[in-house]
Every structure is written in C-alpha cells, then in structure tokens.
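Colleague: So here's model.txt (compact mmCIF, C-alpha atoms).
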```txt
# COMPACT_ATOMS: atom_id res chain seq x y z
CA MET Z 1 13.24 -13.27 -1.45
CA TRP Z 2 11.72 -10.76 -3.88
CA GLY Z 3 15.14 -9.65 -5.05
CA PHE Z 4 15.98 -13.23 -5.99
CA LEU Z 5 12.61 -13.73 -7.68
CA TYR Z 6 13.09 -10.61 -9.82
CA SER Z 7 16.80 -11.03 -10.55
CA PRO Z 8 17.22 -12.52 -14.06
CA SER Z 9 20.25 -14.61 -13.13
CA LEU Z 10 18.91 -15.92 -9.79
CA SER Z 11 15.17 -16.33 -10.32
CA PRO Z 12 13.56 -19.75 -10.42
CA PHE Z 13 11.33 -18.26 -13.12
CA GLU Z 14 14.21 -17.74 -15.54
CA ALA Z 15 11.96 -18.12 -18.59
CA ILE Z 16 10.06 -15.00 -17.54
CA THR Z 17 12.87 -12.91 -16.02
CA SER Z 18 15.27 -13.52 -18.89
CA GLY Z 19 12.82 -11.93 -21.34
CA VAL Z 20 11.64 -9.09 -19.08
CA ASN Z 21 13.98 -7.31 -16.68
CA PHE Z 22 11.68 -6.35 -13.82
CA LEU Z 23 14.55 -4.47 -12.16
CA SER Z 24 15.13 -2.14 -15.12
CA ALA Z 25 14.57 1.59 -14.74
CA GLU Z 26 11.21 1.31 -16.53
CA LEU Z 27 9.80 -1.54 -14.41
CA VAL Z 28 11.46 -1.30 -10.99
CA LEU Z 29 8.71 0.96 -9.62
CA TRP Z 30 6.13 -1.68 -10.60
CA ALA Z 31 8.26 -4.36 -8.98
CA VAL Z 32 8.32 -2.38 -5.71
CA ALA Z 33 4.56 -1.78 -5.97
CA ASN Z 34 4.00 -5.53 -6.48
CA ILE Z 35 6.11 -6.38 -3.45
CA VAL Z 36 4.32 -3.87 -1.24
CA THR Z 37 0.93 -5.07 -2.47
CA TRP Z 38 1.68 -8.67 -1.54
CA VAL Z 39 3.25 -7.69 1.79
CA TYR Z 40 0.25 -5.65 2.98
CA VAL Z 41 -2.72 -7.28 1.26
CA GLY Z 42 -3.16 -9.69 4.15
CA TYR Z 43 -3.13 -6.88 6.69
CA ASN Z 44 -5.77 -4.95 4.76
CA MET Z 45 -7.84 -8.10 4.30
CA LEU Z 46 -7.85 -8.67 8.06
CA ILE Z 47 -9.19 -5.15 8.64
CA ILE Z 48 -11.95 -5.54 6.05
CA TYR Z 49 -12.77 -9.10 7.13
CA SER Z 50 -13.11 -8.07 10.78
CA SER Z 51 -15.39 -5.26 9.66
CA LEU Z 52 -17.53 -7.77 7.78
CA LEU Z 53 -17.71 -10.00 10.86
CA ALA Z 54 -18.92 -7.04 12.93
CA ILE Z 55 -22.08 -6.69 10.81
CA PRO Z 56 -24.98 -8.19 12.76
CA THR Z 57 -26.45 -11.30 11.14
CA GLU Z 58 -29.95 -9.93 11.77
CA ILE Z 59 -29.36 -7.41 8.99
CA TYR Z 60 -28.69 -10.22 6.51
CA GLU Z 61 -31.72 -12.15 7.70
CA ALA Z 62 -33.96 -9.10 7.33
CA ALA Z 63 -32.64 -8.46 3.83
CA ARG Z 64 -33.27 -12.07 2.83
CA LEU Z 65 -36.79 -11.91 4.22
CA ASP Z 66 -37.36 -8.79 2.13
CA GLY Z 67 -36.29 -10.76 -0.94
CA ALA Z 68 -32.77 -9.39 -1.45
CA SER Z 69 -30.41 -11.51 -3.51
CA ASN Z 70 -26.80 -12.18 -2.50
CA LEU Z 71 -25.64 -9.51 -4.95
CA GLN Z 72 -28.06 -6.96 -3.50
CA ILE Z 73 -26.93 -7.81 0.03
CA ALA Z 74 -23.32 -7.31 -1.02
CA TRP Z 75 -23.92 -3.96 -2.80
CA ARG Z 76 -26.52 -2.46 -0.48
CA ILE Z 77 -25.51 -3.80 2.92
CA LYS Z 78 -21.99 -5.18 3.10
CA ILE Z 79 -20.10 -2.60 1.05
CA PRO Z 80 -21.72 0.48 2.66
CA LEU Z 81 -21.08 -0.92 6.13
CA VAL Z 82 -17.46 -1.77 5.28
CA VAL Z 83 -16.64 1.62 3.73
CA PRO Z 84 -15.08 2.97 6.98
CA ALA Z 85 -12.68 -0.01 7.02
CA ILE Z 86 -11.84 0.58 3.36
CA ILE Z 87 -11.13 4.24 4.12
CA LEU Z 88 -8.92 3.17 7.03
CA THR Z 89 -6.92 0.86 4.76
CA GLY Z 90 -6.65 3.76 2.29
CA VAL Z 91 -5.14 6.00 4.97
CA PHE Z 92 -2.76 3.23 6.02
CA SER Z 93 -1.77 2.77 2.37
CA ILE Z 94 -1.00 6.48 1.96
CA ILE Z 95 1.11 6.46 5.10
CA GLY Z 96 2.84 3.22 4.08
CA THR Z 97 3.58 4.50 0.58
CA LEU Z 98 5.41 7.52 1.96
CA GLN Z 99 7.34 5.31 4.38
CA LEU Z 100 8.81 2.90 1.84
CA LEU Z 101 12.35 2.08 2.84
CA ALA Z 102 13.00 -1.65 3.20
CA GLU Z 103 11.75 -2.75 -0.22
CA PRO Z 104 13.74 -0.26 -2.36
CA GLN Z 105 16.77 -0.65 -0.12
CA THR Z 106 16.68 -4.42 -0.57
CA LEU Z 107 16.21 -4.23 -4.34
CA ARG Z 108 19.00 -1.64 -4.56
CA SER Z 109 21.58 -4.43 -4.31
CA PHE Z 110 19.98 -6.11 -7.35
CA SER Z 111 19.25 -3.04 -9.49
CA SER Z 112 21.14 0.09 -10.40
CA ALA Z 113 17.82 1.78 -11.24
CA ILE Z 114 17.13 2.53 -7.57
CA SER Z 115 18.97 5.66 -6.52
CA SER Z 116 19.57 6.98 -3.02
CA THR Z 117 16.53 9.26 -3.44
CA PHE Z 118 14.12 6.67 -4.91
CA THR Z 119 11.68 7.14 -2.02
CA PRO Z 120 11.44 9.92 0.57
CA ASN Z 121 12.51 7.64 3.43
CA LEU Z 122 15.46 6.35 1.42
CA ALA Z 123 16.54 9.95 0.84
CA VAL Z 124 16.29 10.66 4.59
CA TYR Z 125 18.24 7.50 5.39
CA THR Z 126 20.95 8.33 2.85
CA THR Z 127 21.20 11.92 4.10
CA ALA Z 128 21.55 10.72 7.70
CA SER Z 129 24.23 8.24 6.61
CA VAL Z 130 26.41 10.98 5.09
CA PRO Z 131 26.10 12.12 8.08
CA ASN Z 132 24.03 15.26 7.78
CA TYR Z 133 21.64 14.83 10.68
CA ASN Z 134 20.20 18.34 10.53
CA LEU Z 135 19.15 18.00 6.88
CA ALA Z 136 17.83 14.49 7.50
CA ALA Z 137 15.75 15.79 10.41
CA ALA Z 138 14.39 18.58 8.23
CA PHE Z 139 13.50 16.06 5.50
CA SER Z 140 11.76 13.93 8.13
CA VAL Z 141 9.63 16.85 9.34
CA VAL Z 142 8.64 17.71 5.76
CA LEU Z 143 7.81 14.06 5.11
CA ALA Z 144 5.68 13.89 8.27
CA LEU Z 145 3.82 17.05 7.24
CA ALA Z 146 3.27 15.73 3.72
CA THR Z 147 1.95 12.46 5.15
CA PHE Z 148 -0.42 14.38 7.40
CA VAL Z 149 -1.66 16.63 4.58
CA LEU Z 150 -2.22 13.75 2.14
CA SER Z 151 -4.02 11.67 4.77
CA PHE Z 152 -6.16 14.64 5.79
CA VAL Z 153 -7.09 15.45 2.18
CA PHE Z 154 -7.95 11.78 1.56
CA LEU Z 155 -10.14 11.66 4.66
CA LYS Z 156 -11.92 14.89 3.70
CA ALA Z 157 -12.47 13.68 0.13
CA THR Z 158 -13.89 10.36 1.30
CA GLN Z 159 -16.08 12.00 3.95
CA ARG Z 160 -17.76 14.13 1.29
CA LYS Z 161 -18.44 11.09 -0.90
CA VAL Z 162 -19.78 9.05 2.00
CA SER Z 163 -22.08 11.80 3.29
CA GLN Z 164 -23.58 12.58 -0.16
```
Rewrite the structure of this file - the entire thing - as structure tokens.
Modeller:
Amino acid sequence: MWGFLYSPSLSPFEAITSGVNFLSAELVLWAVANIVTWVYVGYNMLIIYSSLLAIPTEIYEAARLDGASNLQIAWRIKIPLVVPAIILTGVFSIIGTLQLLAEPQTLRSFSSAISSTFTPNLAVYTTASVPNYNLAAAFSVVLALATFVLSFVFLKATQRKVSQ
C-alpha cells in the first residue's frame, strides 16, 4: 500500500507525488521512517495506554484534593509513572530499527534508491540469497551484538536520568 501511495505514477495523491518524489535517494529514508512510524505507533500507544490505566485512581483523587490542576497531574504524576513504558517502547524501537527488512524490500520494487545493503537485515538477506550462508550468519551475529549493545547503552543512559 505504501509503495503505491509514494509512487508518483500510481498514487491517489498525484498532485503531491508529482511535485515531490518521496522515493528519490534524498527522501526514501524519510519515506521508510514514515511507514515504520505509522506501522508501530499503535503498538507503542497500547503499551503507554496500558501503563496509564495501571495508575491507581486514588493518586489522581489525592492530587485533586491537594489542588493540582490537570496539567500538574499530567507532568508530576502521569509522565513520571509512565516513564518505564516509554523506555520500553524506546528499546523496542531500537530493536525494530535494526531489524528493518520488509519496508525497504517492498519499496525496492518502486525505487532504485534502495540498494541491497540499505538496512542491516536487507544486507543479511541479500548475502544469504547469493548464497553465502557463512557470511550471512556472521553478519547476523554482528547485528545481534550491535542490537544488544545499543539497547544496553540506551537502558543505562535512561536509568541514570531516571534515578537523578
């Protein structure tokens, strides 16, 4: 669907796509980022919403009795109590970013700007298709380690900010 929406000759929004080629080398990364954002925003919203529902209503009642406004309740109660869920969605986003495969592979048929090494997973997939399974396995191990390191650094950085 996204490929058709972004393709200048196939899009129902021809007035926009004829003037701006979203699948050009300069904009294709933003097109992929837009697709991924819309695909996973609902998932992240469910995590944050369930975290909001887990906050006891007594806390809100106590804050209102103390004279807190809705803005103060949001900034001083809701956001601090939802921070762990936001951190979780951040970790999932890091992992998901390094696992991009379907979106660039789909847009590859619409754009020549996406090469076989556009994302790490696309490079692994292309290498395995050659077939060079040993190199693809090595790439996969390096990708898994990079995912672990980035997630660990993100968690450590957010733990310091939360504890201070």
Colleague: So the first atom is atom CA of Phe4 of chain Z and the second is atom CA of Val130 of chain Z; what is the distance between them in Å, to one decimal place?
Modeller: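 Here the two named atoms are 28.6 Å from each other.
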Colleague: Which residues, written as a list of chain:residue names, have at least one atom at most 12 Å from segment 7-19 of chain Z, with only C-alpha atoms counted and residues fewer than 2 positions away on the same chain left out?
Modeller: Z:Met1, Z:Trp2, Z:Gly3, Z:Phe4, Z:Leu5, Z:Asn21, Z:Phe22, Z:Leu23, Z:Ser24, Z:Leu27, Z:Val28, Z:Ala31, Z:Thr106, Z:Leu107, Z:Arg108, Z:Ser109, Z:Phe110, Z:Ser111, Z:Ser112
Colleague: Restricting the calculation to all atoms listed in the file: of Z:Leu135, Z:Val149, Z:Val41, Z:Leu52, which residue gets closest to Lys78 of chain Z?
Modeller: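 Using all atoms listed in the file, Lys78 of chain Z sits closest to Z:Leu52.
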Colleague: Need to verify the contact set: segment 90-94 of chain Z, 8 Å, all atoms listed in the file, exclusion of same-chain residues closer than 4 positions in sequence. Can you return it as a PDB file with C-alpha atoms, in the coordinates of the input?
Modeller:
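Produced file result_27.pdb, reproduced below:
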```pdb
ATOM      1  CA  ILE Z  86     -11.840   0.580   3.360  1.00  0.00           C
ATOM      2  CA  LEU Z  98       5.410   7.520   1.960  1.00  0.00           C
ATOM      3  CA  THR Z 147       1.950  12.460   5.150  1.00  0.00           C
ATOM      4  CA  LEU Z 150      -2.220  13.750   2.140  1.00  0.00           C
ATOM      5  CA  SER Z 151      -4.020  11.670   4.770  1.00  0.00           C
ATOM      6  CA  PHE Z 154      -7.950  11.780   1.560  1.00  0.00           C
ATOM      7  CA  LEU Z 155     -10.140  11.660   4.660  1.00  0.00           C
TER       8      LEU Z 155
END
```
Colleague: From the list Z:Ile47, Z:Ala138, Z:Val39, Z:Ala62, which residue is nearest Val83 of chain Z when using all atoms listed in the file?
Modeller: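 Closest to Val83 of chain Z, using all atoms listed in the file: Z:Ile47.
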Colleague: Would you please work out which residue, of Z:Val36, Z:Ala157, Z:Val141, Z:Val82, is nearest to Ala54 of chain Z when using all atoms listed in the file?
Modeller: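 Using all atoms listed in the file, the shortest distance to Ala54 of chain Z belongs to Z:Val82.
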Colleague: Env of Ile77 of chain Z: 12 Å cut, atoms = only C-alpha atoms, seq-sep filter 2 positions within chain, self excluded. Answer as an NGL selection string.
Modeller: :Z and (52 or 55-64 or 68-75 or 79-83)
Colleague: Mind giving me the straight-line distance from atom CA of Pro120 of chain Z to atom CA of Ile35 of chain Z in Å, one decimal?
Modeller: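 Those two atoms sit 17.6 Å apart.
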Colleague: Please determine an axis-aligned box that encloses all atoms of segment 75-83 of chain Z listed in the file, with 5 Å added on each side, and express its centre and edge lengths in Å to one decimal as AutoDock Vina command-line options.
Modeller:
```
--center_x -21.6 --center_y -1.8 --center_z 1.7 --size_x 19.9 --size_y 16.8 --size_z 18.9
```
Colleague: With only C-alpha atoms as the atoms that count, which of Z:Phe148, Z:Glu103, Z:Phe139, Z:Arg76 lies nearest to Trp38 of chain Z?
Modeller: Z:Glu103
Colleague: Using only C-alpha atoms, determine which residues lie at most 9 Å from Ser116 of chain Z, disregarding the query and same-chain residues fewer than 6 positions distant; provide the list as a compact mmCIF listing (two decimals) with C-alpha atoms, in the frame of the given file.
Modeller:
```txt
# COMPACT_ATOMS: atom_id res chain seq x y z
CA GLN Z 105 16.77 -0.65 -0.12
CA ARG Z 108 19.00 -1.64 -4.56
CA LEU Z 122 15.46 6.35 1.42
CA ALA Z 123 16.54 9.95 0.84
CA TYR Z 125 18.24 7.50 5.39
CA THR Z 126 20.95 8.33 2.85
CA THR Z 127 21.20 11.92 4.10
```
